[in-house]
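Participant: As input, take model_39.pdb (PDB, C-alpha atoms):
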```pdb
ATOM      1  CA  ILE A   1     104.130 108.180 133.703
ATOM      2  CA  GLU A   2     105.663 111.539 132.962
ATOM      3  CA  SER A   3     104.993 115.194 133.657
ATOM      4  CA  GLN A   4     106.248 118.350 132.015
ATOM      5  CA  ARG A   5     109.720 118.106 133.585
ATOM      6  CA  PHE A   6     109.921 114.535 134.911
ATOM      7  CA  LEU A   7     109.925 110.876 133.994
ATOM      8  CA  PHE A   8     108.613 108.399 136.558
ATOM      9  CA  ARG A   9     110.103 104.880 136.551
ATOM     10  CA  LYS A  10     110.294 101.921 138.876
ATOM     11  CA  LEU A  11     113.160 101.981 141.313
ATOM     12  CA  ARG A  12     116.201  99.795 140.725
ATOM     13  CA  LYS A  13     118.745  98.372 143.156
ATOM     14  CA  GLU A  14     121.392 100.713 141.710
ATOM     15  CA  ASP A  15     119.282 103.701 142.884
ATOM     16  CA  CYS A  16     120.191 102.833 146.472
ATOM     17  CA  GLU A  17     123.485 104.733 146.462
ATOM     18  CA  VAL A  18     121.976 108.009 145.267
ATOM     19  CA  TRP A  19     118.970 107.509 147.582
ATOM     20  CA  GLU A  20     121.276 107.219 150.580
ATOM     21  CA  ARG A  21     122.130 110.926 150.064
ATOM     22  CA  PHE A  22     118.473 111.777 150.825
ATOM     23  CA  PHE A  23     119.067 110.881 154.487
ATOM     24  CA  ILE A  24     122.188 113.019 155.002
ATOM     25  CA  ASP A  25     121.580 116.303 156.865
ATOM     26  CA  ASN A  26     117.885 116.214 155.978
ATOM     27  CA  PRO A  27     115.880 118.240 158.532
ATOM     28  CA  SER A  28     112.586 116.667 157.371
ATOM     29  CA  LEU A  29     113.306 113.037 158.200
ATOM     30  CA  HIS A  30     111.276 113.142 161.408
ATOM     31  CA  PHE A  31     108.162 113.692 159.244
ATOM     32  CA  LEU A  32     108.580 110.265 157.619
ATOM     33  CA  GLY A  33     108.046 107.956 160.574
ATOM     34  CA  ILE A  34     111.257 105.998 159.942
ATOM     35  CA  ASP A  35     113.886 104.768 162.390
ATOM     36  CA  LEU A  36     116.363 107.642 162.546
ATOM     37  CA  ASN A  37     118.836 105.653 164.663
ATOM     38  CA  ILE A  38     120.010 103.347 161.893
ATOM     39  CA  ASP A  39     122.794 103.992 159.409
ATOM     40  CA  ASP A  40     121.856 106.060 156.314
ATOM     41  CA  ALA A  41     122.845 103.212 153.973
ATOM     42  CA  LEU A  42     120.509 100.863 155.835
ATOM     43  CA  LYS A  43     117.712 103.461 155.717
ATOM     44  CA  ALA A  44     118.075 103.585 151.926
ATOM     45  CA  ILE A  45     118.149  99.784 151.592
ATOM     46  CA  ASN A  46     115.091  99.367 153.822
ATOM     47  CA  TRP A  47     113.176 102.065 151.925
ATOM     48  CA  LEU A  48     113.864 100.501 148.537
ATOM     49  CA  ASP A  49     113.074  96.994 149.826
ATOM     50  CA  ILE A  50     109.600  98.187 150.850
ATOM     51  CA  GLN A  51     109.029  99.502 147.336
ATOM     52  CA  PHE A  52     110.263  96.286 145.697
ATOM     53  CA  LYS A  53     107.818  94.277 147.845
ATOM     54  CA  ARG A  54     105.004  96.602 146.780
ATOM     55  CA  TYR A  55     105.954  96.107 143.126
ATOM     56  CA  GLU A  56     105.901  92.307 143.552
ATOM     57  CA  LYS A  57     102.357  92.507 144.921
ATOM     58  CA  ASN A  58     101.196  95.062 142.304
ATOM     59  CA  LEU A  59     100.616  97.605 145.072
ATOM     60  CA  TYR A  60     102.011 100.617 143.216
ATOM     61  CA  GLY A  61     104.641 102.266 145.465
ATOM     62  CA  HIS A  62     107.288 104.924 145.118
ATOM     63  CA  LEU A  63     108.846 105.529 141.734
ATOM     64  CA  ALA A  64     112.137 107.183 140.871
ATOM     65  CA  ILE A  65     111.665 110.741 139.645
ATOM     66  CA  ILE A  66     114.103 111.632 136.879
ATOM     67  CA  HIS A  67     114.531 115.171 135.549
ATOM     68  CA  LYS A  68     114.058 115.036 131.761
ATOM     69  CA  GLU A  69     116.697 117.660 130.897
ATOM     70  CA  SER A  70     119.496 116.624 133.264
ATOM     71  CA  ASN A  71     118.596 112.917 133.660
ATOM     72  CA  GLU A  72     119.169 113.517 137.392
ATOM     73  CA  PHE A  73     117.467 111.426 140.091
ATOM     74  CA  ILE A  74     115.655 114.103 142.106
ATOM     75  CA  GLY A  75     113.630 111.938 144.481
ATOM     76  CA  GLN A  76     110.812 109.443 144.765
ATOM     77  CA  ALA A  77     107.062 109.710 144.573
ATOM     78  CA  GLY A  78     104.180 107.354 144.160
ATOM     79  CA  ILE A  79     100.762 106.075 144.970
ATOM     80  CA  LEU A  80     100.994 104.166 148.224
ATOM     81  CA  PRO A  81      98.468 101.678 149.608
ATOM     82  CA  ARG A  82      97.445 102.483 153.169
ATOM     83  CA  GLU A  83      94.871 101.407 155.700
ATOM     84  CA  ILE A  84      93.180 104.173 157.665
ATOM     85  CA  ASP A  85      90.446 103.329 160.176
ATOM     86  CA  GLY A  86      90.142  99.851 158.658
ATOM     87  CA  LYS A  87      89.625 101.193 155.124
ATOM     88  CA  LYS A  88      91.934 100.719 152.168
ATOM     89  CA  VAL A  89      93.025 104.064 150.763
ATOM     90  CA  PHE A  90      95.788 105.315 148.510
ATOM     91  CA  GLU A  91      98.216 108.037 149.436
ATOM     92  CA  ILE A  92     100.111 110.367 147.160
ATOM     93  CA  GLY A  93     103.548 110.442 148.733
ATOM     94  CA  TYR A  94     106.819 112.010 147.688
ATOM     95  CA  SER A  95     110.307 112.632 148.999
ATOM     96  CA  ILE A  96     112.488 115.091 147.136
ATOM     97  CA  MET A  97     116.251 115.396 147.529
ATOM     98  CA  LYS A  98     117.030 118.476 149.638
ATOM     99  CA  GLU A  99     118.939 120.260 146.857
ATOM    100  CA  HIS A 100     115.712 120.259 144.798
ATOM    101  CA  TRP A 101     113.385 121.782 147.382
ATOM    102  CA  ASN A 102     111.520 125.038 146.663
ATOM    103  CA  LYS A 103     111.477 124.612 142.882
ATOM    104  CA  GLY A 104     107.832 123.572 142.510
ATOM    105  CA  TYR A 105     108.824 119.967 141.840
ATOM    106  CA  ALA A 106     106.679 118.416 144.592
ATOM    107  CA  SER A 107     103.567 120.222 143.347
ATOM    108  CA  GLU A 108     104.099 119.154 139.738
ATOM    109  CA  ILE A 109     104.823 115.571 140.752
ATOM    110  CA  SER A 110     101.919 115.201 143.170
ATOM    111  CA  GLN A 111      99.444 116.753 140.718
ATOM    112  CA  ARG A 112     100.574 114.344 138.005
ATOM    113  CA  LEU A 113     100.171 111.377 140.359
ATOM    114  CA  ARG A 114      96.700 112.605 141.358
ATOM    115  CA  ASP A 115      95.686 112.900 137.705
ATOM    116  CA  TYR A 116      97.122 109.476 136.886
ATOM    117  CA  ALA A 117      95.351 107.802 139.825
ATOM    118  CA  PHE A 118      91.976 109.228 138.846
ATOM    119  CA  GLU A 119      92.451 108.671 135.107
ATOM    120  CA  GLU A 120      93.273 105.008 135.796
ATOM    121  CA  ASP A 121      90.445 104.629 138.357
ATOM    122  CA  ILE A 122      92.834 103.423 141.046
ATOM    123  CA  HIS A 123      90.520 104.690 143.790
ATOM    124  CA  PRO A 124      87.779 107.356 144.033
ATOM    125  CA  ARG A 125      89.622 109.161 146.855
ATOM    126  CA  LEU A 126      93.278 109.965 147.439
ATOM    127  CA  ILE A 127      94.983 111.118 150.597
ATOM    128  CA  SER A 128      98.254 112.607 151.780
ATOM    129  CA  ILE A 129      99.271 111.998 155.389
ATOM    130  CA  ILE A 130     101.151 115.105 156.499
ATOM    131  CA  HIS A 131     102.844 115.854 159.793
ATOM    132  CA  THR A 132     101.368 118.925 161.495
ATOM    133  CA  GLU A 133     104.731 120.735 161.356
ATOM    134  CA  ASN A 134     105.345 120.008 157.661
ATOM    135  CA  ILE A 135     104.042 123.302 156.286
ATOM    136  CA  ALA A 136     105.706 122.858 152.868
ATOM    137  CA  SER A 137     103.851 119.578 152.238
ATOM    138  CA  GLN A 138     100.604 121.109 153.478
ATOM    139  CA  LYS A 139     100.991 123.820 150.811
ATOM    140  CA  VAL A 140     101.610 121.154 148.159
ATOM    141  CA  ALA A 141      98.448 119.316 149.226
ATOM    142  CA  ASP A 142      96.473 122.572 149.023
ATOM    143  CA  LYS A 143      97.743 123.114 145.468
ATOM    144  CA  ASN A 144      96.695 119.534 144.712
ATOM    145  CA  GLY A 145      93.080 120.382 145.564
ATOM    146  CA  MET A 146      93.195 118.458 148.830
ATOM    147  CA  LYS A 147      91.422 119.436 152.043
ATOM    148  CA  PRO A 148      92.729 118.613 155.536
ATOM    149  CA  SER A 149      91.046 116.496 158.178
ATOM    150  CA  PRO A 150      91.022 117.572 161.797
ATOM    151  CA  LEU A 151      94.211 116.728 163.693
ATOM    152  CA  THR A 152      94.666 112.976 164.106
ATOM    153  CA  GLN A 153      97.355 110.412 164.917
ATOM    154  CA  HIS A 154      99.140 108.136 162.447
ATOM    155  CA  GLU A 155     102.042 105.885 163.433
ATOM    156  CA  GLY A 156     102.484 107.868 166.643
ATOM    157  CA  MET A 157     102.666 111.271 164.946
ATOM    158  CA  ASP A 158     100.285 114.228 164.931
ATOM    159  CA  VAL A 159      99.106 114.544 161.324
ATOM    160  CA  PHE A 160      96.493 115.977 159.046
ATOM    161  CA  ILE A 161      95.070 113.613 156.455
ATOM    162  CA  TYR A 162      94.504 115.652 153.351
ATOM    163  CA  SER A 163      92.145 114.191 150.764
ATOM    164  CA  VAL A 164      90.623 114.789 147.375
ATOM    165  CA  SER A 165      87.863 112.806 145.681
ATOM    166  CA  LYS A 166      87.574 112.070 142.004
ATOM    167  CA  ASP A 167      84.396 114.187 141.909
ATOM    168  CA  ASP A 168      86.308 117.136 143.430
ATOM    169  CA  TRP A 169      89.102 116.587 140.892
ATOM    170  CA  LEU A 170      86.630 116.581 137.999
ATOM    171  CA  SER A 171      85.239 119.918 139.174
ATOM    172  CA  LEU A 172      88.809 121.339 139.267
ATOM    173  CA  SER A 173      89.402 120.368 135.635
TER     174      SER A 173
END
```
Once you've parsed the file, please lay out its structure as structure tokens.

Facilitator:
Amino acid sequence: IESQRFLFRKLRKEDCEVWERFFIDNPSLHFLGIDLNIDDALKAINWLDIQFKRYEKNLYGHLAIIHKESNEFIGQAGILPREIDGKKVFEIGYSIMKEHWNKGYASEISQRLRDYAFEEDIHPRLISIIHTENIASQKVADKNGMKPSPLTQHEGMDVFIYSVSKDDWLSLS
């Protein structure tokens, strides 16, 4: 998969060191539902291990996002299997390194993942689970043609579940 500015590839063990930087002085970590009390290196290892297990089971997962011009690792994004209210759904998720925020990267990446998921018929509906305080991600979901649910709980957090259907996507095209 690629977009105008980015290449998407499977994560590798050697990505762990650069991914560890994502957890340093990142004010958005509380939006992710991860254990903030463990060492940053262990956070990175645990995160990548989850993705490797998804790959083994052909469950999509986060991919490394590489800037085409600089070849820089700018974050991770992917199509993530979830279960909401007993139903299997797929989430567009992304985590961008702090130094790359506010450049339009998340919007470009999430729109490309949305298009890919619908083009490949992965599922007729996609979601993004977004913490109620994460205004930046809510704006990205809006740009992605997604509409929010009423306030709900997910993994102990107050969230909106944004969604877009393939039919809605086709009407956007």

Participant: Determine the nearest neighbour of Phe22 of chain A from the options A:Leu59, A:Val164, A:Met157, A:Ile74, counting all atoms listed in the file.

Facilitator: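 Selected residue with least distance to Phe22 of chain A: A:Ile74.
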
Participant: Would you work out the distance separating atom CA of Lys13 of chain A from atom CA of Arg112 of chain A, expressed in Å to one decimal?

Facilitator: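 Between these atoms lies a distance of 24.7 Å.
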
Participant: Please determine, counting all atoms listed in the file, which residue among A:Leu126, A:Ala136, A:Ile66, A:Ile1 has the shortest atom-to-atom distance to Lys88 of chain A.

Facilitator: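 Smallest separation from Lys88 of chain A among the options: A:Leu126.
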
Participant: Evaluate the PyMOL selection byres ((chain A and resi 128-131) around 12) on the structure here and hand back the selected residues as a VMD selection string.

Facilitator: chain A and resid 28 to 33 77 to 84 89 to 94 110 to 111 113 to 114 125 to 127 132 to 142 144 to 164

Participant: Can you tell me which residues surround segment 40-52 of chain A at a distance of at most 9 Å, considering all atoms listed in the file, apart from same-chain residues fewer than 4 positions away, and format the answer as number ranges by chain?

Facilitator: A: 10-13, 15-24, 34-36, 56-57, 59-63

Participant: Save the residues we just selected, C-alpha atoms, as a compact mmCIF listing (two decimals), in the coordinates of the input?

Facilitator:
```txt
# COMPACT_ATOMS: atom_id res chain seq x y z
CA LYS A 10 110.29 101.92 138.88
CA LEU A 11 113.16 101.98 141.31
CA ARG A 12 116.20 99.80 140.72
CA LYS A 13 118.74 98.37 143.16
CA ASP A 15 119.28 103.70 142.88
CA CYS A 16 120.19 102.83 146.47
CA GLU A 17 123.48 104.73 146.46
CA VAL A 18 121.98 108.01 145.27
CA TRP A 19 118.97 107.51 147.58
CA GLU A 20 121.28 107.22 150.58
CA ARG A 21 122.13 110.93 150.06
CA PHE A 22 118.47 111.78 150.82
CA PHE A 23 119.07 110.88 154.49
CA ILE A 24 122.19 113.02 155.00
CA ILE A 34 111.26 106.00 159.94
CA ASP A 35 113.89 104.77 162.39
CA LEU A 36 116.36 107.64 162.55
CA GLU A 56 105.90 92.31 143.55
CA LYS A 57 102.36 92.51 144.92
CA LEU A 59 100.62 97.60 145.07
CA TYR A 60 102.01 100.62 143.22
CA GLY A 61 104.64 102.27 145.46
CA HIS A 62 107.29 104.92 145.12
CA LEU A 63 108.85 105.53 141.73
```

Participant: Which polymer residues, whether protein, DNA or RNA, lie within 9 Å of the coordinate (91.5, 112.4, 140.0) when you count all atoms listed in the file? List them as a VMD selection string, using the chain letters and numbers from the file.

Facilitator: chain A and resid 113 to 121 123 to 126 164 to 170

Participant: What does the distance from atom CA of Ile96 of chain A to atom CA of Leu7 of chain A come to in Å, to one decimal?

Facilitator: 14.0 Å

Participant: One number please: atom CA of Asn71 of chain A to atom CA of Lys143 of chain A, in Å, one decimal.

Facilitator: 26.0 Å

Participant: Hey, which of A:Ala64, A:Met97, A:Ile109, A:Ile38 ends up closest to Arg5 of chain A? Count only C-alpha atoms.

Facilitator: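 Looking at the shortest contact to Arg5 of chain A, the residue is A:Ile109.
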